[in-house]
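One file, target-v5.pdb, carrying PDB, C-alpha atoms, pLDDT in the B column:
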MODEL        1
ATOM      1  CA  MET A 223      -1.921  12.484 -12.421  1.00 78.00           C
ATOM      2  CA  ASP A 224       0.112   9.470 -11.239  1.00 85.00           C
ATOM      3  CA  TYR A 225       3.839   9.800 -11.702  1.00 90.00           C
ATOM      4  CA  VAL A 226       4.998   6.209 -12.035  1.00 93.00           C
ATOM      5  CA  GLU A 227       8.687   5.408 -11.962  1.00 96.00           C
ATOM      6  CA  LYS A 228       9.568   2.342 -14.037  1.00 96.00           C
ATOM      7  CA  ARG A 229      12.563   0.258 -12.922  1.00 97.00           C
ATOM      8  CA  ILE A 230      15.016  -0.215 -15.771  1.00 98.00           C
ATOM      9  CA  ASP A 231      17.638  -2.301 -13.988  1.00 97.00           C
ATOM     10  CA  GLY A 232      19.480  -2.553 -10.723  1.00 97.00           C
ATOM     11  CA  GLU A 233      22.232  -4.194  -8.787  1.00 98.00           C
ATOM     12  CA  VAL A 234      22.371  -5.448  -5.210  1.00 98.00           C
ATOM     13  CA  LYS A 235      25.263  -3.582  -3.597  1.00 98.00           C
ATOM     14  CA  TYR A 236      24.986  -5.208  -0.173  1.00 98.00           C
ATOM     15  CA  ARG A 237      23.417  -8.453   1.116  1.00 98.00           C
ATOM     16  CA  GLY A 238      22.890  -8.383   4.849  1.00 97.00           C
ATOM     17  CA  VAL A 239      21.394 -10.479   7.613  1.00 94.00           C
ATOM     18  CA  ILE A 240      18.129  -8.494   7.593  1.00 94.00           C
ATOM     19  CA  VAL A 241      18.319  -6.125   4.614  1.00 96.00           C
ATOM     20  CA  ASN A 242      19.741  -5.896   1.119  1.00 97.00           C
ATOM     21  CA  VAL A 243      20.662  -2.588  -0.485  1.00 98.00           C
ATOM     22  CA  ARG A 244      20.026  -2.134  -4.184  1.00 98.00           C
ATOM     23  CA  LEU A 245      21.004   0.623  -6.596  1.00 98.00           C
ATOM     24  CA  ASP A 246      18.483   0.921  -9.448  1.00 98.00           C
ATOM     25  CA  ARG A 247      18.005   3.018 -12.528  1.00 98.00           C
ATOM     26  CA  ALA A 248      14.395   4.122 -13.059  1.00 97.00           C
ATOM     27  CA  GLU A 249      12.628   6.026 -15.808  1.00 97.00           C
ATOM     28  CA  LEU A 250      10.305   8.878 -14.850  1.00 96.00           C
ATOM     29  CA  ASP A 251       7.093   9.774 -16.711  1.00 93.00           C
ATOM     30  CA  ASN A 252       8.932  12.671 -18.366  1.00 94.00           C
ATOM     31  CA  GLY A 253      11.551  10.295 -19.791  1.00 94.00           C
ATOM     32  CA  ALA A 254      14.365  11.221 -17.399  1.00 96.00           C
ATOM     33  CA  VAL A 255      16.458   8.364 -16.010  1.00 98.00           C
ATOM     34  CA  VAL A 256      17.316   8.602 -12.296  1.00 97.00           C
ATOM     35  CA  ARG A 257      19.127   6.517  -9.693  1.00 98.00           C
ATOM     36  CA  ARG A 258      17.219   5.070  -6.769  1.00 98.00           C
ATOM     37  CA  GLU A 259      18.703   3.463  -3.658  1.00 97.00           C
ATOM     38  CA  VAL A 260      16.419   0.809  -2.174  1.00 97.00           C
ATOM     39  CA  VAL A 261      16.723  -0.969   1.148  1.00 97.00           C
ATOM     40  CA  GLU A 262      14.949  -4.314   0.700  1.00 97.00           C
ATOM     41  CA  HIS A 263      13.357  -5.372   3.994  1.00 97.00           C
ATOM     42  CA  PRO A 264      11.094  -8.382   4.717  1.00 96.00           C
ATOM     43  CA  GLY A 265       8.633  -6.291   6.727  1.00 97.00           C
ATOM     44  CA  GLY A 266       7.572  -6.546  10.318  1.00 97.00           C
ATOM     45  CA  VAL A 267       4.893  -6.367  12.972  1.00 98.00           C
ATOM     46  CA  THR A 268       4.174  -4.490  16.154  1.00 98.00           C
ATOM     47  CA  VAL A 269       1.628  -5.313  18.853  1.00 98.00           C
ATOM     48  CA  LEU A 270       0.302  -3.016  21.543  1.00 98.00           C
ATOM     49  CA  PRO A 271      -0.901  -5.306  24.343  1.00 98.00           C
ATOM     50  CA  VAL A 272      -3.488  -3.530  26.516  1.00 98.00           C
ATOM     51  CA  ASP A 273      -4.902  -5.156  29.644  1.00 97.00           C
ATOM     52  CA  GLY A 274      -8.391  -4.704  31.089  1.00 96.00           C
ATOM     53  CA  ASP A 275      -7.211  -1.800  33.259  1.00 97.00           C
ATOM     54  CA  GLY A 276      -5.788   0.171  30.314  1.00 97.00           C
ATOM     55  CA  PHE A 277      -2.137  -0.685  30.920  1.00 98.00           C
ATOM     56  CA  CYS A 278       0.203  -1.544  28.070  1.00 98.00           C
ATOM     57  CA  TYR A 279       3.208  -3.824  28.151  1.00 98.00           C
ATOM     58  CA  MET A 280       6.116  -2.100  26.451  1.00 98.00           C
ATOM     59  CA  VAL A 281       9.744  -3.026  25.871  1.00 97.00           C
ATOM     60  CA  ARG A 282      12.746  -0.852  26.521  1.00 97.00           C
ATOM     61  CA  GLN A 283      15.894  -1.805  24.660  1.00 96.00           C
ATOM     62  CA  PHE A 284      19.083  -0.323  23.313  1.00 96.00           C
ATOM     63  CA  ARG A 285      18.829   0.563  19.619  1.00 96.00           C
ATOM     64  CA  TYR A 286      22.301   0.544  18.140  1.00 95.00           C
ATOM     65  CA  PRO A 287      21.615   2.837  15.130  1.00 95.00           C
ATOM     66  CA  MET A 288      20.147   5.473  17.475  1.00 96.00           C
ATOM     67  CA  GLY A 289      22.792   4.958  20.170  1.00 97.00           C
ATOM     68  CA  ARG A 290      20.289   4.934  23.038  1.00 97.00           C
ATOM     69  CA  MET A 291      17.608   3.062  24.943  1.00 97.00           C
ATOM     70  CA  MET A 292      14.132   3.368  23.424  1.00 98.00           C
ATOM     71  CA  LEU A 293      10.638   2.579  24.708  1.00 98.00           C
ATOM     72  CA  GLU A 294       8.680   0.635  22.090  1.00 98.00           C
ATOM     73  CA  ALA A 295       5.680  -1.572  21.552  1.00 98.00           C
ATOM     74  CA  PRO A 296       6.740  -5.217  21.143  1.00 97.00           C
ATOM     75  CA  ALA A 297       7.784  -5.772  17.537  1.00 97.00           C
ATOM     76  CA  GLY A 298       9.855  -7.834  15.181  1.00 96.00           C
ATOM     77  CA  LYS A 299      10.592  -8.688  11.597  1.00 96.00           C
ATOM     78  CA  LEU A 300       8.668 -11.111   9.453  1.00 96.00           C
ATOM     79  CA  GLU A 301      10.344 -14.353   8.518  1.00 91.00           C
ATOM     80  CA  HIS A 302      10.351 -15.044   4.771  1.00 86.00           C
ATOM     81  CA  GLY A 303       6.773 -15.847   3.709  1.00 89.00           C
ATOM     82  CA  GLU A 304       5.405 -15.622   7.258  1.00 94.00           C
ATOM     83  CA  ASP A 305       1.824 -14.476   7.848  1.00 97.00           C
ATOM     84  CA  HIS A 306       1.961 -11.178   9.770  1.00 97.00           C
ATOM     85  CA  ARG A 307      -0.722 -12.263  12.264  1.00 97.00           C
ATOM     86  CA  LEU A 308       1.328 -15.321  13.240  1.00 97.00           C
ATOM     87  CA  SER A 309       4.403 -13.119  13.492  1.00 97.00           C
ATOM     88  CA  ALA A 310       2.498 -10.763  15.822  1.00 98.00           C
ATOM     89  CA  GLU A 311       1.552 -13.681  18.094  1.00 97.00           C
ATOM     90  CA  ARG A 312       5.157 -14.915  18.109  1.00 95.00           C
ATOM     91  CA  GLU A 313       6.720 -11.517  18.837  1.00 96.00           C
ATOM     92  CA  LEU A 314       4.239 -10.750  21.624  1.00 97.00           C
ATOM     93  CA  SER A 315       5.067 -14.048  23.315  1.00 96.00           C
ATOM     94  CA  GLU A 316       8.822 -13.818  22.773  1.00 94.00           C
ATOM     95  CA  GLU A 317       9.251 -10.290  24.064  1.00 95.00           C
ATOM     96  CA  THR A 318       6.653 -10.103  26.855  1.00 96.00           C
ATOM     97  CA  GLY A 319       5.517 -13.662  27.596  1.00 95.00           C
ATOM     98  CA  LEU A 320       1.943 -12.550  26.855  1.00 97.00           C
ATOM     99  CA  SER A 321      -0.693 -14.057  24.606  1.00 97.00           C
ATOM    100  CA  ALA A 322      -3.895 -12.291  23.569  1.00 98.00           C
ATOM    101  CA  ASP A 323      -7.444 -13.571  23.085  1.00 98.00           C
ATOM    102  CA  GLN A 324      -7.925 -10.875  20.448  1.00 97.00           C
ATOM    103  CA  LEU A 325      -5.436  -9.467  17.968  1.00 98.00           C
ATOM    104  CA  ILE A 326      -7.158  -6.603  16.195  1.00 98.00           C
ATOM    105  CA  TYR A 327      -5.505  -5.546  12.948  1.00 98.00           C
ATOM    106  CA  MET A 328      -4.870  -1.789  12.984  1.00 98.00           C
ATOM    107  CA  GLY A 329      -3.399  -1.423   9.499  1.00 98.00           C
ATOM    108  CA  SER A 330       0.069  -1.096   8.095  1.00 98.00           C
ATOM    109  CA  LEU A 331       2.809   1.510   8.084  1.00 97.00           C
ATOM    110  CA  CYS A 332       5.360   2.183   5.335  1.00 98.00           C
ATOM    111  CA  THR A 333       8.292   2.956   7.596  1.00 95.00           C
ATOM    112  CA  SER A 334      10.438   5.006   5.210  1.00 96.00           C
ATOM    113  CA  PRO A 335       8.993   4.813   1.672  1.00 96.00           C
ATOM    114  CA  GLY A 336      11.640   7.070   0.157  1.00 95.00           C
ATOM    115  CA  ILE A 337      14.345   4.441   0.659  1.00 96.00           C
ATOM    116  CA  SER A 338      12.904   1.237   2.151  1.00 97.00           C
ATOM    117  CA  SER A 339      10.429  -1.463   1.089  1.00 97.00           C
ATOM    118  CA  GLU A 340       9.598  -2.237   4.754  1.00 97.00           C
ATOM    119  CA  VAL A 341       5.895  -2.502   5.563  1.00 97.00           C
ATOM    120  CA  LEU A 342       5.051  -2.905   9.227  1.00 98.00           C
ATOM    121  CA  HIS A 343       1.702  -4.417  10.311  1.00 98.00           C
ATOM    122  CA  MET A 344       0.134  -3.148  13.535  1.00 98.00           C
ATOM    123  CA  TYR A 345      -2.045  -5.039  16.007  1.00 98.00           C
ATOM    124  CA  LEU A 346      -3.890  -4.233  19.207  1.00 98.00           C
ATOM    125  CA  GLY A 347      -3.762  -7.129  21.670  1.00 98.00           C
ATOM    126  CA  LEU A 348      -6.660  -7.561  24.122  1.00 98.00           C
ATOM    127  CA  GLY A 349      -7.614 -10.286  26.598  1.00 98.00           C
ATOM    128  CA  LEU A 350      -4.068 -10.821  27.783  1.00 97.00           C
ATOM    129  CA  HIS A 351      -2.670 -13.934  29.445  1.00 97.00           C
ATOM    130  CA  ALA A 352       0.698 -14.054  31.178  1.00 93.00           C
ATOM    131  CA  GLY A 353       3.399 -16.564  30.342  1.00 89.00           C
ATOM    132  CA  GLU A 354       7.185 -16.687  30.179  1.00 84.00           C
ATOM    133  CA  SER A 355       9.013 -14.413  27.784  1.00 82.00           C
ATOM    134  CA  HIS A 356      11.632 -16.018  25.556  1.00 83.00           C
ATOM    135  CA  PRO A 357      13.442 -13.290  23.613  1.00 75.00           C
ATOM    136  CA  ASP A 358      15.763 -14.147  20.758  1.00 75.00           C
ATOM    137  CA  GLU A 359      19.365 -14.882  21.692  1.00 77.00           C
ATOM    138  CA  ASN A 360      21.166 -11.615  22.476  1.00 77.00           C
ATOM    139  CA  GLU A 361      17.894  -9.659  22.506  1.00 78.00           C
ATOM    140  CA  LEU A 362      18.235  -7.748  25.779  1.00 89.00           C
ATOM    141  CA  LEU A 363      15.133  -5.862  26.856  1.00 91.00           C
ATOM    142  CA  ASN A 364      13.031  -4.835  29.827  1.00 93.00           C
ATOM    143  CA  VAL A 365       9.242  -5.078  29.905  1.00 95.00           C
ATOM    144  CA  GLU A 366       7.468  -2.036  31.379  1.00 97.00           C
ATOM    145  CA  LYS A 367       3.799  -1.601  32.238  1.00 98.00           C
ATOM    146  CA  ILE A 368       2.512   1.904  31.423  1.00 98.00           C
ATOM    147  CA  SER A 369      -1.042   3.207  31.047  1.00 98.00           C
ATOM    148  CA  LEU A 370      -2.268   3.876  27.526  1.00 98.00           C
ATOM    149  CA  SER A 371      -3.168   7.444  28.497  1.00 97.00           C
ATOM    150  CA  GLU A 372       0.382   8.072  29.767  1.00 98.00           C
ATOM    151  CA  LEU A 373       1.858   6.571  26.587  1.00 98.00           C
ATOM    152  CA  SER A 374      -0.327   8.875  24.505  1.00 98.00           C
ATOM    153  CA  GLU A 375       0.908  11.879  26.495  1.00 98.00           C
ATOM    154  CA  MET A 376       4.502  10.671  26.059  1.00 98.00           C
ATOM    155  CA  VAL A 377       3.969  10.532  22.284  1.00 98.00           C
ATOM    156  CA  MET A 378       2.611  14.090  22.279  1.00 97.00           C
ATOM    157  CA  ARG A 379       5.582  15.296  24.383  1.00 98.00           C
ATOM    158  CA  ASN A 380       7.919  13.538  21.917  1.00 97.00           C
ATOM    159  CA  GLU A 381       9.242  11.295  24.686  1.00 97.00           C
ATOM    160  CA  ILE A 382       8.376   8.374  22.421  1.00 98.00           C
ATOM    161  CA  ASP A 383       9.861   9.045  19.006  1.00 97.00           C
ATOM    162  CA  ASP A 384       9.741   5.558  17.527  1.00 97.00           C
ATOM    163  CA  ALA A 385       7.282   5.895  14.610  1.00 97.00           C
ATOM    164  CA  LYS A 386       5.632   2.479  14.881  1.00 98.00           C
ATOM    165  CA  THR A 387       5.084   2.880  18.615  1.00 98.00           C
ATOM    166  CA  ALA A 388       3.723   6.422  18.332  1.00 98.00           C
ATOM    167  CA  LEU A 389       1.276   5.401  15.625  1.00 98.00           C
ATOM    168  CA  ILE A 390       0.002   2.217  17.287  1.00 98.00           C
ATOM    169  CA  VAL A 391      -0.453   4.056  20.619  1.00 98.00           C
ATOM    170  CA  LEU A 392      -2.556   6.799  19.016  1.00 98.00           C
ATOM    171  CA  LYS A 393      -4.535   4.368  16.838  1.00 98.00           C
ATOM    172  CA  ALA A 394      -5.221   2.046  19.777  1.00 98.00           C
ATOM    173  CA  GLU A 395      -6.313   4.904  22.006  1.00 97.00           C
ATOM    174  CA  LYS A 396      -8.814   6.090  19.383  1.00 97.00           C
ATOM    175  CA  TYR A 397     -10.029   2.546  18.662  1.00 97.00           C
ATOM    176  CA  LEU A 398     -10.665   1.778  22.330  1.00 97.00           C
ATOM    177  CA  LYS A 399     -12.429   5.120  22.835  1.00 96.00           C
ATOM    178  CA  ASP A 400     -14.617   4.700  19.743  1.00 96.00           C
ATOM    179  CA  HIS A 401     -15.522   1.128  20.683  1.00 94.00           C
ATOM    180  CA  LYS A 402     -15.892   1.970  24.404  1.00 88.00           C
ATOM    181  CA  ILE A 403     -13.582  -0.839  25.443  1.00 78.00           C
TER
ENDMDL
END
Please, can you express the file's structure as structure tokens?
Amino acid sequence: MDYVEKRIDGEVKYRGVIVNVRLDRAELDNGAVVRREVVEHPGGVTVLPVDGDGFCYMVRQFRYPMGRMMLEAPAGKLEHGEDHRLSAERELSEETGLSADQLIYMGSLCTSPGISSEVLHMYLGLGLHAGESHPDENELLNVEKISLSELSEMVMRNEIDDAKTALIVLKAEKYLKDHKI
């Protein structure tokens, strides 16, 4: 049985630069009325660029909410109405200076469906070409080259705990193995 929650009404409590926060009232299938907090997010993309030797180009940057440096696949938020494939190309270029002959769609990830509307689209980038990175203003990051096999081991040792990065690393590793690339 599907338990659908029907939105009755809501109010935006906070309008931010990236997200809005809404407080809704919703009716459950059993007739109960509950409160739901929703973080409205435009969505995003992540790209795992893998070169012909099996090395990935990752970014390490300080993540303010976590209070620490984190190793991640290049990623960014979607602009309003932007196609996620075009966003993936843009973010890859901005953060690493790379472009890819192939961007293989690896699916989407609901980042935190209990509170957020964010959907993140994942890509595997192959056939890489170097260029100049051009990060957003005040986006401070380092690009690191690490083998896909080492990244996979880092995920399994919980040394990479960023959800989007862990998932794209494991999906890419399986894809490349299955397709013998």
Which residue out of A:Ala388, A:Leu370, A:Val365, A:Val255 has the minimum interatomic distance to Thr268 (chain A) when only C-alpha atoms are used?
A:Ala388
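Checking A:Gly329, A:Pro357, A:Gly349, A:Gly232 one by one against Ala297 (chain A), counting all atoms listed in the file, you find the shortest gap at A:Pro357.
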Would you mind listing what lies within 10 Å of Val256 (chain A) as number ranges by chain, with only C-alpha atoms counted and same-chain residues fewer than 3 positions away left out?
A: 227, 229-230, 246-250, 253
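We find CA of Met376 (chain A) and CA of Gly353 (chain A) to be spaced 27.6 Å apart.
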What does the distance from CA of His302 (chain A) to CA of Val391 (chain A) come to in Å, to one decimal?
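That distance, rounded to one decimal, is 27.1 Å.
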Check the smallest atom-to-atom distance from each of A:Leu293, A:Val267, A:Leu392, A:Ile403 to Leu308 (chain A) using all atoms listed in the file, then report the winner.
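Ranked by minimum distance to Leu308 (chain A), first place goes to A:Val267.
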Closest to Cys278 (chain A) among A:Glu340, A:Asp400, A:Glu366, A:Glu381, using all atoms listed in the file?
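Distance minimum relative to Cys278 (chain A) lands on A:Glu366.
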I need the residue nearest Ile368 (chain A) from this list: A:Glu301, A:Asp383, A:Glu313, A:Asp275. Use only C-alpha atoms for the distance.
A:Asp275
Please provide as a ChimeraX atom specification all residues within 10 Å of His263 (chain A), with the sequence filter that same-chain residues fewer than 2 positions apart are discarded (counting all atoms listed in the file).
/A:240-243,260-261,265-266,299-300,338-341
Please rebuild region 253-286 of chain A with N, CA and C atoms and return the result as a CSV table (one decimal), in the frame of the given file.
chain,number,residue,atom,x,y,z
A,253,GLY,N,10.5,10.9,-19.0
A,253,GLY,CA,11.6,10.3,-19.8
A,253,GLY,C,12.9,10.4,-19.1
A,254,ALA,N,13.1,11.1,-18.1
A,254,ALA,CA,14.4,11.2,-17.4
A,254,ALA,C,14.7,9.9,-16.7
A,255,VAL,N,16.0,9.6,-16.7
A,255,VAL,CA,16.5,8.4,-16.0
A,255,VAL,C,17.2,8.8,-14.7
A,256,VAL,N,16.8,8.2,-13.6
A,256,VAL,CA,17.3,8.6,-12.3
A,256,VAL,C,17.8,7.4,-11.6
A,257,ARG,N,18.6,7.6,-10.6
A,257,ARG,CA,19.1,6.5,-9.7
A,257,ARG,C,18.3,6.5,-8.4
A,258,ARG,N,18.0,5.3,-8.0
A,258,ARG,CA,17.2,5.1,-6.8
A,258,ARG,C,17.9,4.0,-5.9
A,259,GLU,N,18.2,4.4,-4.6
A,259,GLU,CA,18.7,3.5,-3.7
A,259,GLU,C,17.5,2.8,-2.9
A,260,VAL,N,17.5,1.5,-2.8
A,260,VAL,CA,16.4,0.8,-2.2
A,260,VAL,C,17.0,-0.1,-1.1
A,261,VAL,N,16.4,0.0,0.1
A,261,VAL,CA,16.7,-1.0,1.1
A,261,VAL,C,15.6,-2.0,1.1
A,262,GLU,N,15.9,-3.2,0.7
A,262,GLU,CA,14.9,-4.3,0.7
A,262,GLU,C,14.8,-4.9,2.1
A,263,HIS,N,13.6,-4.9,2.6
A,263,HIS,CA,13.4,-5.4,4.0
A,263,HIS,C,12.2,-6.3,4.0
A,264,PRO,N,12.2,-7.4,4.8
A,264,PRO,CA,11.1,-8.4,4.7
A,264,PRO,C,9.8,-7.9,5.4
A,265,GLY,N,9.8,-6.8,6.0
A,265,GLY,CA,8.6,-6.3,6.7
A,265,GLY,C,8.6,-6.7,8.2
A,266,GLY,N,7.6,-6.2,8.9
A,266,GLY,CA,7.6,-6.5,10.3
A,266,GLY,C,6.2,-6.3,10.9
A,267,VAL,N,6.1,-6.5,12.2
A,267,VAL,CA,4.9,-6.4,13.0
A,267,VAL,C,5.2,-5.6,14.3
A,268,THR,N,4.1,-5.0,14.8
A,268,THR,CA,4.2,-4.5,16.2
A,268,THR,C,2.8,-4.8,16.8
A,269,VAL,N,2.9,-5.0,18.1
A,269,VAL,CA,1.6,-5.3,18.9
A,269,VAL,C,1.6,-4.4,20.1
A,270,LEU,N,0.5,-3.8,20.3
A,270,LEU,CA,0.3,-3.0,21.5
A,270,LEU,C,-0.6,-3.8,22.4
A,271,PRO,N,-0.1,-4.5,23.4
A,271,PRO,CA,-0.9,-5.3,24.3
A,271,PRO,C,-1.5,-4.4,25.4
A,272,VAL,N,-2.8,-4.4,25.5
A,272,VAL,CA,-3.5,-3.5,26.5
A,272,VAL,C,-4.3,-4.4,27.4
A,273,ASP,N,-4.1,-4.3,28.7
A,273,ASP,CA,-4.9,-5.2,29.6
A,273,ASP,C,-6.2,-4.5,30.0
A,274,GLY,N,-7.1,-5.2,30.8
A,274,GLY,CA,-8.4,-4.7,31.1
A,274,GLY,C,-8.4,-3.4,31.9
A,275,ASP,N,-7.3,-3.0,32.5
A,275,ASP,CA,-7.2,-1.8,33.3
A,275,ASP,C,-6.6,-0.7,32.5
A,276,GLY,N,-6.3,-0.9,31.2
A,276,GLY,CA,-5.8,0.2,30.3
A,276,GLY,C,-4.3,0.3,30.4
A,277,PHE,N,-3.6,-0.7,30.9
A,277,PHE,CA,-2.1,-0.7,30.9
A,277,PHE,C,-1.6,-1.5,29.7
A,278,CYS,N,-0.5,-0.9,29.2
A,278,CYS,CA,0.2,-1.5,28.1
A,278,CYS,C,1.5,-2.1,28.5
A,279,TYR,N,1.9,-3.2,27.9
A,279,TYR,CA,3.2,-3.8,28.2
A,279,TYR,C,4.2,-3.5,27.0
A,280,MET,N,5.2,-2.7,27.4
A,280,MET,CA,6.1,-2.1,26.5
A,280,MET,C,7.5,-2.7,26.7
A,281,VAL,N,8.4,-2.6,25.7
A,281,VAL,CA,9.7,-3.0,25.9
A,281,VAL,C,10.7,-1.8,25.7
A,282,ARG,N,11.7,-1.9,26.6
A,282,ARG,CA,12.7,-0.9,26.5
A,282,ARG,C,14.0,-1.6,26.2
A,283,GLN,N,14.7,-1.1,25.1
A,283,GLN,CA,15.9,-1.8,24.7
A,283,GLN,C,16.8,-0.8,24.0
A,284,PHE,N,18.1,-1.2,24.0
A,284,PHE,CA,19.1,-0.3,23.3
A,284,PHE,C,19.0,-0.5,21.8
A,285,ARG,N,18.9,0.6,21.1
A,285,ARG,CA,18.8,0.6,19.6
A,285,ARG,C,20.1,1.1,19.1
A,286,TYR,N,20.9,0.2,18.6
A,286,TYR,CA,22.3,0.5,18.1
A,286,TYR,C,22.4,1.7,17.1
